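Everything on this sheet refers to the single structure shown next.
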Amino acid sequence: MTVQHLARNVLLVLALASLSACGGGSGGGLFGGGLFGNSQRAAPNPDVFMSSEERRIRQSSTTTLRDLLRGGTDANTTLAVNRYIWAASLEVLNFLPIESVDPFSGVIVTGYGTPPGGGRAYKATVLVQDPALDARSLKLSLQSRGGAVDPATVRAVEDAILTRARQLRSQDAKF
């Protein structure tokens with residue numbers, strides 16, 4: 001990529017960023033009543049009814065383009081997941097069909113499935129919430145079609161996942 005192409009792309013991004021800042025949500029933009037003649041009034045601004053504490057919290061939680069480009073170290077946007085617990089969860093629960101997986105937030109959601117040699121169908125939701133290989137890093141929720149699952153069963157599955165995670169870590173240490 002030449003310097004001219006790079007400069008053009010940077011200018012394009014800056015132009016788009018400045019244009020997106022112009023759409024303040026007042027209802028008078030491109031689709032809010034300006035060009036297409038929509039005569040509906042915009043809803044009242046809910047910020048007017050906020051207390052000063054609520055307004056301060058909202059302002060501190062908003063992200064600007066500058067924040068994204070700067071790559072801040074906000075703990076709410078930086079998530080770390082233990083890869084051994086993640087892989088072990090997928091291995092131990094491999095008999096369950098996966099419905100949703102998000103490795104950035106550490107969430108695995110499965111559908112109902114029957115374990116090998118078992119007659120009861122289970123559904124699991126796994127949350128890996130810490131980079132440490134520790135029992136506190138793993139949160140597991142099991143459901144069956146009949147309702148709640150015995151806490152001892154949940155604990156046994158958690159133990160199986162943590163044991164497999166430790167095995168995976170020790171295999172990596174040997175290499």
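Chain labels A, B, ... are given in the sequence in which chains occur in the structure tokens; within each chain residues are numbered consecutively from 1, and ligands are likewise numbered from 1 in the order shown.
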
Test item: residues at most 10 Å from stretch 87-90 of chain A, only C-alpha atoms, excluding those fewer than 6 positions along its chain, as JSON, numbers by chain | {"A": [96, 98, 101, 108, 110, 126, 127, 128, 138, 140, 157, 158, 160, 161, 162, 163, 164, 165, 166, 167, 168]}

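Between atom CA of A:Arg83 and atom CA of A:Val109 the separation is 16.7 Å.
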
Mind giving me the straight-line distance from atom CA of A:Ala135 to atom CA of A:Ala152 in Å, one decimal?
->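 Separation between atom CA of A:Ala135 and atom CA of A:Ala152: 15.2 Å.
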
Between atom CA of A:Val107 and atom CA of A:Tyr84, what is the spacing in Å?
->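 Result for atom CA of A:Tyr84 versus atom CA of A:Val107: 14.1 Å, one decimal.
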